[in-house]
$ cat data.cif   # mmCIF, C-alpha atoms and all ligand atoms
data_input
#
loop_
_atom_site.label_atom_id
_atom_site.label_comp_id
_atom_site.auth_asym_id
_atom_site.auth_seq_id
_atom_site.Cartn_x
_atom_site.Cartn_y
_atom_site.Cartn_z
CA MET X 440 -10.57 13.96 -23.84
CA ASN X 441 -9.78 10.90 -25.79
CA ILE X 442 -11.70 7.73 -24.92
CA LEU X 443 -9.77 4.68 -26.11
CA GLU X 444 -11.20 1.23 -26.68
CA ASN X 445 -9.95 -2.29 -25.89
CA ILE X 446 -6.80 -1.30 -24.03
CA SER X 447 -4.54 -3.87 -22.36
CA LEU X 448 -4.09 -3.00 -18.70
CA LYS X 449 -0.81 -4.95 -18.44
CA PRO X 450 1.36 -1.77 -18.25
CA TYR X 451 -1.01 -0.24 -15.69
CA ASN X 452 -0.91 -2.86 -12.92
CA THR X 453 2.25 -3.87 -11.06
CA PHE X 454 1.20 -7.54 -11.12
CA GLY X 455 1.57 -7.28 -14.91
CA ILE X 456 -1.75 -9.04 -15.54
CA ASP X 457 -2.99 -8.79 -19.10
CA ALA X 458 -6.66 -7.83 -18.68
CA THR X 459 -8.54 -5.67 -21.16
CA ALA X 460 -10.37 -2.40 -20.52
CA LYS X 461 -13.37 -2.01 -22.82
CA SER X 462 -12.93 1.77 -22.66
CA PHE X 463 -10.17 3.87 -21.14
CA VAL X 464 -9.64 7.57 -20.51
CA THR X 465 -6.87 9.59 -18.84
CA ALA X 466 -7.82 12.38 -16.41
CA ASN X 467 -5.06 15.00 -16.30
CA SER X 468 -6.89 17.54 -14.16
CA LEU X 469 -9.74 18.03 -11.75
CA SER X 470 -11.86 19.48 -14.56
CA ASP X 471 -11.20 16.35 -16.68
CA LEU X 472 -12.50 14.27 -13.77
CA GLN X 473 -15.54 16.48 -13.32
CA GLU X 474 -16.32 16.19 -17.01
CA ILE X 475 -15.96 12.40 -16.95
CA ILE X 476 -18.27 11.92 -13.98
CA SER X 477 -20.80 14.29 -15.54
CA PHE X 478 -21.46 11.71 -18.27
CA GLU X 479 -20.43 8.44 -16.56
CA LYS X 480 -20.58 7.65 -12.86
CA ASP X 481 -20.07 3.89 -13.05
CA ILE X 482 -16.30 4.12 -13.51
CA PHE X 483 -13.26 2.02 -12.61
CA LEU X 484 -10.52 4.17 -11.08
CA LEU X 485 -6.95 3.32 -11.91
CA SER X 486 -4.02 4.97 -10.20
CA GLY X 487 -0.62 3.33 -9.70
CA GLY X 488 -2.21 -0.14 -10.10
CA SER X 489 0.00 -1.41 -7.28
CA ASN X 490 -2.62 -2.88 -5.00
CA MET X 491 -4.90 -4.80 -7.32
CA LEU X 492 -5.21 -8.23 -8.85
CA LEU X 493 -7.17 -8.25 -12.10
CA THR X 494 -8.91 -11.59 -12.54
CA LYS X 495 -11.04 -10.43 -15.48
CA GLY X 496 -11.44 -7.69 -18.08
CA ILE X 497 -13.07 -4.39 -17.07
CA ASP X 498 -16.38 -3.51 -18.71
CA LYS X 499 -16.70 -0.12 -17.01
CA LEU X 500 -14.97 3.04 -18.23
CA VAL X 501 -11.43 2.85 -16.80
CA VAL X 502 -10.25 6.29 -15.63
CA LEU X 503 -6.51 6.72 -15.22
CA LEU X 504 -5.80 9.35 -12.55
CA ASN X 505 -2.93 11.44 -13.84
CA LEU X 506 -3.25 14.64 -11.82
CA LYS X 507 0.22 16.06 -11.12
CA GLY X 508 1.76 18.78 -8.98
CA ILE X 509 3.24 19.51 -5.55
CA THR X 510 2.71 22.67 -3.49
CA VAL X 511 4.11 23.76 -0.13
CA GLU X 512 2.62 26.03 2.52
CA GLU X 513 4.22 27.19 5.77
CA PHE X 514 2.39 25.80 8.82
CA ASP X 515 4.46 26.97 11.79
CA ASN X 516 8.07 27.42 12.77
CA ASN X 517 8.75 23.71 12.58
CA HIS X 518 6.26 22.41 9.98
CA VAL X 519 5.19 22.73 6.38
CA LEU X 520 2.05 21.46 4.71
CA VAL X 521 3.00 19.64 1.53
CA THR X 522 0.22 18.85 -0.92
CA ALA X 523 0.63 16.38 -3.77
CA GLU X 524 -1.91 15.71 -6.48
CA ALA X 525 -3.25 12.16 -6.66
CA GLY X 526 -1.27 11.06 -9.72
CA GLU X 527 2.17 11.84 -8.29
CA ASN X 528 4.27 8.69 -7.91
CA TRP X 529 4.58 7.93 -4.17
CA HIS X 530 8.29 7.17 -4.07
CA ASP X 531 9.24 10.18 -6.24
CA PHE X 532 7.18 12.34 -3.87
CA VAL X 533 8.97 10.92 -0.81
CA ILE X 534 12.37 11.54 -2.42
CA TRP X 535 11.35 15.09 -3.34
CA CYS X 536 10.32 15.77 0.29
CA ILE X 537 13.67 14.45 1.51
CA SER X 538 15.51 16.65 -1.01
CA GLN X 539 13.74 19.66 0.56
CA ASN X 540 14.68 18.37 4.03
CA TYR X 541 11.01 17.79 4.94
CA GLY X 542 10.81 14.95 7.45
CA GLY X 543 8.13 12.33 8.16
CA LEU X 544 7.84 10.16 5.08
CA GLU X 545 11.39 8.76 4.81
CA ASN X 546 10.45 5.33 6.25
CA LEU X 547 7.89 4.99 3.47
CA SER X 548 10.50 5.12 0.70
CA LEU X 549 10.11 2.78 -2.27
CA ILE X 550 6.47 1.87 -1.63
CA PRO X 551 4.91 1.41 -5.08
CA GLY X 552 1.80 3.30 -6.16
CA ASN X 553 0.63 6.91 -6.30
CA VAL X 554 -0.09 9.54 -3.66
CA GLY X 555 -3.87 9.49 -4.18
CA SER X 556 -4.18 5.85 -3.13
CA SER X 557 -1.93 6.15 -0.09
CA PRO X 558 -4.66 7.10 2.39
CA ILE X 559 -7.08 4.39 1.23
CA GLN X 560 -5.12 1.66 2.92
CA ASN X 561 -3.06 3.93 5.22
CA ILE X 562 0.17 2.67 3.69
CA GLY X 563 2.79 1.77 6.24
CA ALA X 564 6.22 0.26 6.66
CA TYR X 565 9.09 0.14 9.15
CA GLY X 566 7.20 1.56 12.10
CA VAL X 567 5.49 4.43 10.25
CA GLU X 568 2.06 4.81 8.65
CA ILE X 569 0.82 7.77 6.62
CA LYS X 570 -1.73 8.55 9.32
CA ASP X 571 1.24 9.82 11.39
CA THR X 572 1.83 12.77 9.03
CA PHE X 573 -1.45 12.93 7.10
CA TYR X 574 -3.09 16.36 7.43
CA GLN X 575 -6.02 16.38 5.00
CA LEU X 576 -7.17 15.25 1.58
CA GLU X 577 -9.52 16.52 -1.07
CA ALA X 578 -11.88 14.16 -2.79
CA LEU X 579 -14.49 14.50 -5.50
CA GLU X 580 -17.87 13.02 -4.67
CA ILE X 581 -18.88 10.97 -7.70
CA ALA X 582 -22.62 11.39 -7.14
CA THR X 583 -22.55 15.21 -6.94
CA GLY X 584 -19.25 16.27 -8.58
CA LYS X 585 -18.46 18.33 -5.46
CA SER X 586 -15.09 18.47 -3.72
CA HIS X 587 -14.90 17.57 -0.03
CA VAL X 588 -12.09 17.95 2.51
CA PHE X 589 -11.33 15.07 4.88
CA TYR X 590 -9.15 15.68 7.93
CA ASN X 591 -7.18 12.98 9.70
CA SER X 592 -9.97 12.18 12.17
CA ASP X 593 -12.52 11.86 9.32
CA CYS X 594 -10.54 9.03 7.72
CA ASN X 595 -10.77 6.39 10.51
CA PHE X 596 -7.26 5.21 9.78
CA GLY X 597 -6.33 1.74 11.02
CA TYR X 598 -3.82 -0.95 10.06
CA ARG X 599 -4.03 -1.03 6.24
CA ASN X 600 -7.48 0.51 6.57
CA SER X 601 -9.54 3.70 6.31
CA VAL X 602 -13.07 4.97 5.76
CA PHE X 603 -12.37 4.78 1.99
CA LYS X 604 -12.16 0.98 2.20
CA ASN X 605 -15.37 0.80 4.22
CA GLU X 606 -18.42 3.07 4.39
CA LEU X 607 -17.17 5.46 1.67
CA LYS X 608 -15.85 2.76 -0.66
CA GLY X 609 -16.38 3.71 -4.31
CA LEU X 610 -18.08 7.04 -3.49
CA PHE X 611 -15.15 9.47 -3.77
CA ILE X 612 -12.12 10.13 -5.97
CA ILE X 613 -9.16 11.36 -3.92
CA THR X 614 -7.62 14.22 -5.90
CA LYS X 615 -4.93 15.60 -3.58
CA VAL X 616 -3.35 14.73 -0.25
CA THR X 617 -1.65 17.05 2.26
CA PHE X 618 1.01 15.96 4.75
CA LYS X 619 2.29 17.93 7.72
CA LEU X 620 6.05 17.47 7.62
CA THR X 621 8.88 18.75 9.78
CA LYS X 622 11.36 21.37 8.55
CA LYS X 623 13.76 20.74 11.44
CA ASN X 624 13.82 18.76 14.70
CA HIS X 625 12.80 15.72 12.66
CA GLN X 626 11.02 12.99 14.63
CA ILE X 627 12.89 10.08 13.13
CA ASN X 628 11.80 6.49 13.73
CA ILE X 629 14.59 3.96 13.41
CA SER X 630 13.34 1.50 16.02
CA TYR X 631 12.78 -1.26 13.45
CA GLY X 632 15.70 -3.67 13.95
CA ALA X 633 16.74 -3.97 10.32
CA ILE X 634 17.07 -0.16 9.95
CA GLN X 635 19.60 0.01 12.77
CA SER X 636 21.83 -2.57 11.11
CA GLU X 637 21.67 -0.80 7.72
CA LEU X 638 22.49 2.67 9.03
CA THR X 639 26.10 3.72 8.80
CA ASN X 640 25.66 6.91 10.83
CA LYS X 641 23.70 5.52 13.80
CA GLU X 642 24.01 8.57 16.06
CA ASN X 643 22.26 11.21 14.04
CA PRO X 644 21.17 9.86 10.66
CA SER X 645 19.88 12.26 8.03
CA LEU X 646 16.53 11.77 6.30
CA LYS X 647 18.47 10.67 3.22
CA GLU X 648 20.45 8.07 5.18
CA ILE X 649 17.26 6.64 6.68
CA SER X 650 15.63 6.55 3.26
CA ASN X 651 18.67 4.79 1.78
CA ALA X 652 18.59 2.22 4.59
CA ILE X 653 14.89 1.53 3.92
CA ILE X 654 15.53 1.26 0.18
CA ALA X 655 18.34 -1.26 0.81
CA ILE X 656 16.12 -3.37 3.12
CA ARG X 657 13.20 -3.35 0.68
CA GLU X 658 15.40 -4.17 -2.30
CA SER X 659 16.93 -7.12 -0.42
CA LYS X 660 13.52 -8.66 0.38
CA LEU X 661 10.88 -7.42 -2.00
CA PRO X 662 10.75 -8.09 -5.74
CA ASP X 663 10.94 -5.07 -8.07
CA PRO X 664 7.58 -4.98 -9.90
CA LYS X 665 9.39 -3.77 -13.03
CA LYS X 666 11.19 -7.12 -13.11
CA ILE X 667 8.75 -9.55 -11.45
CA GLY X 668 5.05 -8.70 -11.31
CA ASN X 669 3.72 -8.34 -7.76
CA SER X 670 1.52 -6.25 -5.52
CA GLY X 671 3.61 -6.12 -2.33
CA SER X 672 2.08 -7.87 0.66
CA PHE X 673 -0.75 -9.96 -0.70
CA PHE X 674 -2.24 -10.68 2.73
CA LYS X 675 -2.64 -8.67 5.92
CA ASN X 676 -0.76 -9.78 8.99
CA PRO X 677 -3.49 -11.49 11.04
CA VAL X 678 -4.37 -10.25 14.52
CA ILE X 679 -5.36 -13.09 16.85
CA ASP X 680 -6.60 -13.51 20.39
CA VAL X 681 -3.86 -13.75 23.01
CA VAL X 682 -5.27 -17.08 24.27
CA GLU X 683 -4.99 -18.58 20.78
CA PHE X 684 -1.52 -17.08 20.47
CA LYS X 685 -0.32 -18.75 23.71
CA LYS X 686 -1.44 -22.13 22.34
CA LEU X 687 0.47 -21.52 19.10
CA GLN X 688 3.53 -20.33 20.98
CA LYS X 689 3.65 -23.61 22.95
CA LYS X 690 3.78 -25.51 19.69
CA TYR X 691 6.06 -23.03 17.88
CA PRO X 692 8.25 -21.34 20.55
CA ASP X 693 9.99 -19.17 17.91
CA ILE X 694 6.81 -17.72 16.40
CA PRO X 695 7.47 -14.02 15.63
CA HIS X 696 4.78 -11.68 16.94
CA TYR X 697 3.92 -8.10 17.89
CA ILE X 698 1.70 -7.27 20.85
CA VAL X 699 -1.25 -5.17 19.61
CA SER X 700 -3.11 -4.83 22.92
CA GLU X 701 -3.64 -6.77 26.15
CA SER X 702 -5.89 -9.19 24.34
CA GLU X 703 -4.48 -9.24 20.78
CA VAL X 704 -1.29 -10.32 19.04
CA LYS X 705 -0.27 -9.76 15.40
CA ILE X 706 1.53 -12.61 13.60
CA PRO X 707 3.53 -12.06 10.38
CA ALA X 708 1.60 -13.76 7.60
CA GLY X 709 4.95 -14.29 5.84
CA TRP X 710 6.03 -16.59 8.67
CA LEU X 711 2.79 -18.60 8.55
CA ILE X 712 3.12 -19.01 4.78
CA GLU X 713 6.77 -20.02 5.07
CA GLN X 714 5.93 -22.60 7.79
CA SER X 715 3.28 -24.02 5.47
CA GLY X 716 5.94 -24.77 2.86
CA PHE X 717 4.85 -22.25 0.22
CA LYS X 718 7.84 -19.92 0.27
CA GLY X 719 9.61 -19.85 -3.10
CA LYS X 720 7.09 -22.30 -4.64
CA ARG X 721 6.10 -21.79 -8.25
CA PHE X 722 2.96 -23.07 -10.02
CA GLY X 723 3.32 -22.22 -13.69
CA ASP X 724 3.96 -18.48 -13.76
CA ALA X 725 2.27 -17.84 -10.40
CA GLY X 726 4.44 -18.09 -7.32
CA VAL X 727 5.32 -17.17 -3.76
CA HIS X 728 8.39 -14.92 -3.56
CA GLU X 729 11.53 -16.71 -2.41
CA LYS X 730 12.66 -13.98 0.00
CA GLN X 731 9.34 -12.77 1.43
CA ALA X 732 6.50 -15.30 1.52
CA LEU X 733 3.89 -12.57 1.96
CA VAL X 734 4.38 -11.50 -1.64
CA LEU X 735 2.77 -13.42 -4.49
CA VAL X 736 4.44 -12.99 -7.85
CA ASN X 737 3.72 -13.22 -11.56
CA TYR X 738 6.85 -14.58 -13.23
CA ASN X 739 5.63 -13.65 -16.66
CA ASN X 740 2.26 -14.62 -18.05
CA ALA X 741 0.21 -15.77 -15.06
CA THR X 742 -3.45 -14.85 -15.20
CA GLY X 743 -5.15 -13.11 -12.31
CA GLN X 744 -7.22 -16.29 -11.83
CA GLU X 745 -4.06 -18.37 -11.38
CA ILE X 746 -2.65 -15.99 -8.77
CA TYR X 747 -6.02 -15.91 -7.00
CA LYS X 748 -6.21 -19.70 -6.99
CA LEU X 749 -2.77 -19.85 -5.36
CA ALA X 750 -3.89 -17.28 -2.76
CA GLN X 751 -6.94 -19.40 -1.92
CA GLN X 752 -4.80 -22.52 -1.62
CA ILE X 753 -2.53 -20.68 0.83
CA GLN X 754 -5.54 -19.46 2.83
CA GLN X 755 -6.97 -23.00 3.08
CA THR X 756 -3.63 -24.45 4.17
CA ILE X 757 -3.06 -21.78 6.86
CA LEU X 758 -6.59 -22.36 8.14
CA GLN X 759 -5.98 -26.10 8.37
CA ILE X 760 -2.59 -25.86 10.07
CA PHE X 761 -2.98 -22.81 12.30
CA SER X 762 -6.78 -22.21 12.40
CA ILE X 763 -6.05 -18.65 11.26
CA ASP X 764 -8.04 -16.84 8.55
CA LEU X 765 -5.64 -14.93 6.30
CA GLU X 766 -7.27 -11.83 4.90
CA ILE X 767 -6.30 -10.73 1.39
CA GLU X 768 -4.89 -7.21 1.38
CA VAL X 769 -4.94 -6.38 -2.34
CA ASN X 770 -8.13 -5.56 -4.21
CA VAL X 771 -9.19 -8.62 -6.17
CA ILE X 772 -11.16 -7.47 -9.20
N1 LIG Q 801 8.81 -13.75 8.01
C1 LIG Q 801 9.11 -15.07 7.76
N2 LIG Q 801 9.14 -15.49 6.46
C2 LIG Q 801 8.90 -14.68 5.43
C3 LIG Q 801 8.59 -13.34 5.69
C4 LIG Q 801 8.55 -12.89 6.99
O1 LIG Q 801 9.34 -15.86 8.66
O2 LIG Q 801 8.95 -15.14 4.28
C5 LIG Q 801 8.80 -13.28 9.40
C6 LIG Q 801 10.18 -12.93 9.92
O3 LIG Q 801 10.30 -13.48 11.21
C7 LIG Q 801 10.19 -11.43 10.05
C8 LIG Q 801 8.72 -11.11 10.25
O4 LIG Q 801 8.03 -12.13 9.51
O5 LIG Q 801 10.95 -11.01 11.13
C9 LIG Q 801 8.34 -9.76 9.71
O6 LIG Q 801 8.74 -9.67 8.34
P1 LIG Q 801 8.97 -8.25 7.62
O7 LIG Q 801 9.82 -7.38 8.48
O8 LIG Q 801 9.38 -8.50 6.23
O9 LIG Q 801 7.55 -7.58 7.69
P2 LIG Q 801 6.09 -8.14 7.37
O10 LIG Q 801 5.31 -8.13 8.64
O11 LIG Q 801 6.19 -9.43 6.64
C10 LIG Q 801 5.04 -5.79 6.94
C11 LIG Q 801 4.26 -5.08 5.88
C12 LIG Q 801 5.16 -4.69 4.71
C13 LIG Q 801 6.23 -3.76 5.25
C14 LIG Q 801 7.00 -4.51 6.36
C15 LIG Q 801 8.02 -3.64 7.05
C16 LIG Q 801 2.00 -5.97 6.03
C17 LIG Q 801 0.95 -6.79 5.40
N3 LIG Q 801 3.18 -5.92 5.40
O12 LIG Q 801 5.52 -7.02 6.39
O13 LIG Q 801 4.37 -3.96 3.77
O14 LIG Q 801 7.12 -3.35 4.22
O15 LIG Q 801 6.08 -4.95 7.40
O16 LIG Q 801 7.37 -2.73 7.89
O17 LIG Q 801 1.76 -5.37 7.09
C18 LIG Q 801 3.12 -4.03 1.74
O18 LIG Q 801 2.13 -3.70 2.40
O19 LIG Q 801 3.05 -4.21 0.50
C19 LIG Q 801 4.39 -4.26 2.42
C20 LIG Q 801 5.46 -4.72 1.78
#
$ encode --input "data.cif" --output "structure tokens" --more "lines below"
Ligand code: EPU
Amino acid sequence: MNILENISLKPYNTFGIDATAKSFVTANSLSDLQEIISFEKDIFLLSGGSNMLLTKGIDKLVVLLNLKGITVEEFDNNHVLVTAEAGENWHDFVIWCISQNYGGLENLSLIPGNVGSSPIQNIGAYGVEIKDTFYQLEALEIATGKSHVFYNSDCNFGYRNSVFKNELKGLFIITKVTFKLTKKNHQINISYGAIQSELTNKENPSLKEISNAIIAIRESKLPDPKKIGNSGSFFKNPVIDVVEFKKLQKKYPDIPHYIVSESEVKIPAGWLIEQSGFKGKRFGDAGVHEKQALVLVNYNNATGQEIYKLAQQIQQTILQIFSIDLEIEVNVI
């Protein structure tokens, strides 16, 4: 294995932030990973780099997870278990599943990042989260170098959340993820309003048609990280008490919302940010996307500090106007 020194991480994070890794190594296999953690346990894991904001250089050994491969196993008459190694690109994996007519991931088309990171924040979009099809994952315990299997119930999946963001944070390296997908009788989910209006064949859409509809919606709203640096939703949609919500609704009768439970309501952070006047605003090279206010963008050479400062300014403003604490969704390093 080749350990490189003073490497710019700009090509490795979708925000396109130019931070430097003091040392950098690529792990192409499980045995590479085992070897790395046998001599260095204080590592910085890098996968698709699509959910991080680098505000400084990295002094630890940066390990790029580049494990590749997809395998399929029959489960029952209607299901297959599809396993992808951590370094597979998420969207390419989804498209491959669709090409095999395996159903369950089509609503998650075009989400940036790699398969190995998908369970960490239980990626979700358009009415579907990976917890709905997640079967199991394998992860290497950094302290012992041993592989462990985690089933769905072990992962404590929640909205943009899992055990790997909480009690097991930093302790494991996810090396492969298995999904239980349908071979036929697909359980499609096209309830999300925008999908309906994109679909040409509304009666019985194919997986491919659903995927294409999702791709069209995402492309119309979300910036392509290859063109404008970004990390998708920068904040989580806040969940507030129903009593607080009723007060807000009196003041803002059109406030969009989703009922979470009898006592809780989720508000789109994008709406709050837009109401606060930040949508489309630009401060140097750091900005708020013009079509989706939940997405912060790097127009070219913004530093991570500049983006973070903008995020804090947004948080303070939302707190002042709405008394709501916006929680940052990306990992700020
Ligand atoms: N809205 C605004 N202004 C904006 C953006 C949104 O008013 O600038 C309001 C609109 O009323 C809209 C509502 O917010 O109807 C919801 O917007 P959208 O459908 O775009 O979804 P979101 O709640 O803003 C979430 C996810 C996205 C995911 C979409 C679709 C989070 C933090 N974000 O966004 O995930 O693609 O739903 O399911 O839950 C990501 O995590 O990176 C991501 C893009």
$ residues_around --input "data.cif" --residues "Phe761 in chain X" --least-positions-apart "4" --cutoff "9 Å" --atoms "only C-alpha atoms" --output "PyMOL selection string"
chain X and resi 687+711+756-757
$ closest_residue --input "data.cif" --among "X:Phe596, X:Trp535, X:Phe674, X:Phe603" --to "Leu765 in chain X" --atoms "only C-alpha atoms"
X:Phe674
$ closest_residue --input "data.cif" --among "X:Ile706, X:Ala564, X:Val519, X:Leu749" --to "ligand LIG 801 (chain Q)" --atoms "all atoms listed in the file"
X:Ala564
$ closest_residue --input "data.cif" --among "X:Ile753, X:Leu547, X:Ile772, X:Val736" --to "ligand LIG 801 (chain Q)" --atoms "only C-alpha atoms and all ligand atoms"
X:Leu547
$ residues_around --input "data.cif" --residues "Lys449 in chain X" --least-positions-apart "4" --cutoff "12 Å" --atoms "only C-alpha atoms" --output "VMD selection string"
chain X and resid 453 to 460 488 to 489 491 to 493 495 to 496 664 to 665 668 737 739 to 743
$ residues_near_point --input "data.cif" --point "(-9.7, 8.9, 4.5)" --cutoff "9 Å" --atoms "all atoms listed in the file" --output "VMD selection string"
chain X and resid 558 to 561 575 to 576 589 to 596 600 to 604 607 613
$ closest_residue --input "data.cif" --among "X:Glu479, X:Glu648, X:Glu606, X:Glu568" --to "Thr583 in chain X" --atoms "only C-alpha atoms"
X:Glu479
$ residues_around --input "data.cif" --residues "Ser486 in chain X" --least-positions-apart "3" --cutoff "9 Å" --atoms "all atoms listed in the file" --output "compact mmCIF listing (two decimals) with C-alpha atoms, in the frame of the given file"
# COMPACT_ATOMS: atom_id res chain seq x y z
CA TYR X 451 -1.01 -0.24 -15.69
CA ASN X 452 -0.91 -2.86 -12.92
CA SER X 489 0.00 -1.41 -7.28
CA VAL X 502 -10.25 6.29 -15.63
CA LEU X 503 -6.51 6.72 -15.22
CA LEU X 504 -5.80 9.35 -12.55
CA ASN X 505 -2.93 11.44 -13.84
CA ALA X 525 -3.25 12.16 -6.66
CA GLY X 526 -1.27 11.06 -9.72
CA GLY X 552 1.80 3.30 -6.16
CA ASN X 553 0.63 6.91 -6.30
CA VAL X 554 -0.09 9.54 -3.66
CA GLY X 555 -3.87 9.49 -4.18
CA SER X 556 -4.18 5.85 -3.13
$ closest_residue --input "data.cif" --among "X:Gly723, X:Gly632, X:Gly671, X:Pro551" --to "ligand LIG 801 (chain Q)" --atoms "all atoms listed in the file"
X:Gly671
$ closest_residue --input "data.cif" --among "X:Ile627, X:Ala732, X:Leu506, X:Ile653" --to "ligand LIG 801 (chain Q)" --atoms "all atoms listed in the file"
X:Ala732
$ axis_aligned_box --input "data.cif" --around "range 530-536 of chain X" --padding-each-side "4 Å" --output "lines of an AutoDock Vina configuration file"
center_x = 9.8
center_y = 11.5
center_z = -3.0
size_x = 13.2
size_y = 16.6
size_z = 14.5
$ atom_distance --input "data.cif" --atom1 "CA of Phe463 in chain X" --atom2 "CA of Asn445 in chain X"
7.8 Å
$ residues_around --input "data.cif" --residues "range 689-700 of chain X" --least-positions-apart "5" --cutoff "9 Å" --atoms "all atoms listed in the file" --output "short mmCIF file (atom, residue, chain, number, x, y, z; two decimals) with C-alpha atoms, in the coordinates of the input"
data_model
loop_
_atom_site.label_atom_id
_atom_site.label_comp_id
_atom_site.auth_asym_id
_atom_site.auth_seq_id
_atom_site.Cartn_x
_atom_site.Cartn_y
_atom_site.Cartn_z
CA VAL X 678 -4.37 -10.25 14.52
CA VAL X 681 -3.86 -13.75 23.01
CA PHE X 684 -1.52 -17.08 20.47
CA LYS X 705 -0.27 -9.76 15.40
CA ILE X 706 1.53 -12.61 13.60
CA PRO X 707 3.53 -12.06 10.38
CA TRP X 710 6.03 -16.59 8.67
CA LEU X 711 2.79 -18.60 8.55
#
$ residues_around --input "data.cif" --residues "Phe532 in chain X" --least-positions-apart "4" --cutoff "12 Å" --atoms "only C-alpha atoms" --output "JSON list (two decimals) with C-alpha atoms, keeping the file's coordinate frame"
[["chain", "number", "residue", "atom", "x", "y", "z"],
["X", 507, "LYS", "CA", 0.22, 16.06, -11.12],
["X", 508, "GLY", "CA", 1.76, 18.78, -8.98],
["X", 509, "ILE", "CA", 3.24, 19.51, -5.55],
["X", 510, "THR", "CA", 2.71, 22.67, -3.49],
["X", 521, "VAL", "CA", 3.00, 19.64, 1.53],
["X", 522, "THR", "CA", 0.22, 18.85, -0.92],
["X", 523, "ALA", "CA", 0.63, 16.38, -3.77],
["X", 524, "GLU", "CA", -1.91, 15.71, -6.48],
["X", 525, "ALA", "CA", -3.25, 12.16, -6.66],
["X", 526, "GLY", "CA", -1.27, 11.06, -9.72],
["X", 527, "GLU", "CA", 2.17, 11.84, -8.29],
["X", 528, "ASN", "CA", 4.27, 8.69, -7.91],
["X", 536, "CYS", "CA", 10.32, 15.77, 0.29],
["X", 537, "ILE", "CA", 13.67, 14.45, 1.51],
["X", 538, "SER", "CA", 15.51, 16.65, -1.01],
["X", 539, "GLN", "CA", 13.74, 19.66, 0.56],
["X", 541, "TYR", "CA", 11.01, 17.79, 4.94],
["X", 544, "LEU", "CA", 7.84, 10.16, 5.08],
["X", 545, "GLU", "CA", 11.39, 8.76, 4.81],
["X", 547, "LEU", "CA", 7.89, 4.99, 3.47],
["X", 548, "SER", "CA", 10.50, 5.12, 0.70],
["X", 549, "LEU", "CA", 10.11, 2.78, -2.27],
["X", 550, "ILE", "CA", 6.47, 1.87, -1.63],
["X", 551, "PRO", "CA", 4.91, 1.41, -5.08],
["X", 552, "GLY", "CA", 1.80, 3.30, -6.16],
["X", 553, "ASN", "CA", 0.63, 6.91, -6.30],
["X", 554, "VAL", "CA", -0.09, 9.54, -3.66],
["X", 555, "GLY", "CA", -3.87, 9.49, -4.18],
["X", 557, "SER", "CA", -1.93, 6.15, -0.09],
["X", 616, "VAL", "CA", -3.35, 14.73, -0.25],
["X", 617, "THR", "CA", -1.65, 17.05, 2.26],
["X", 618, "PHE", "CA", 1.01, 15.96, 4.75]]
$ atom_distance --input "data.cif" --atom1 "CA of Ile442 in chain X" --atom2 "CA of Ser462 in chain X"
6.5 Å
$ atom_distance --input "data.cif" --atom1 "atom O18 of ligand LIG 801 (chain Q)" --atom2 "CA of Phe673 in chain X"
7.6 Å
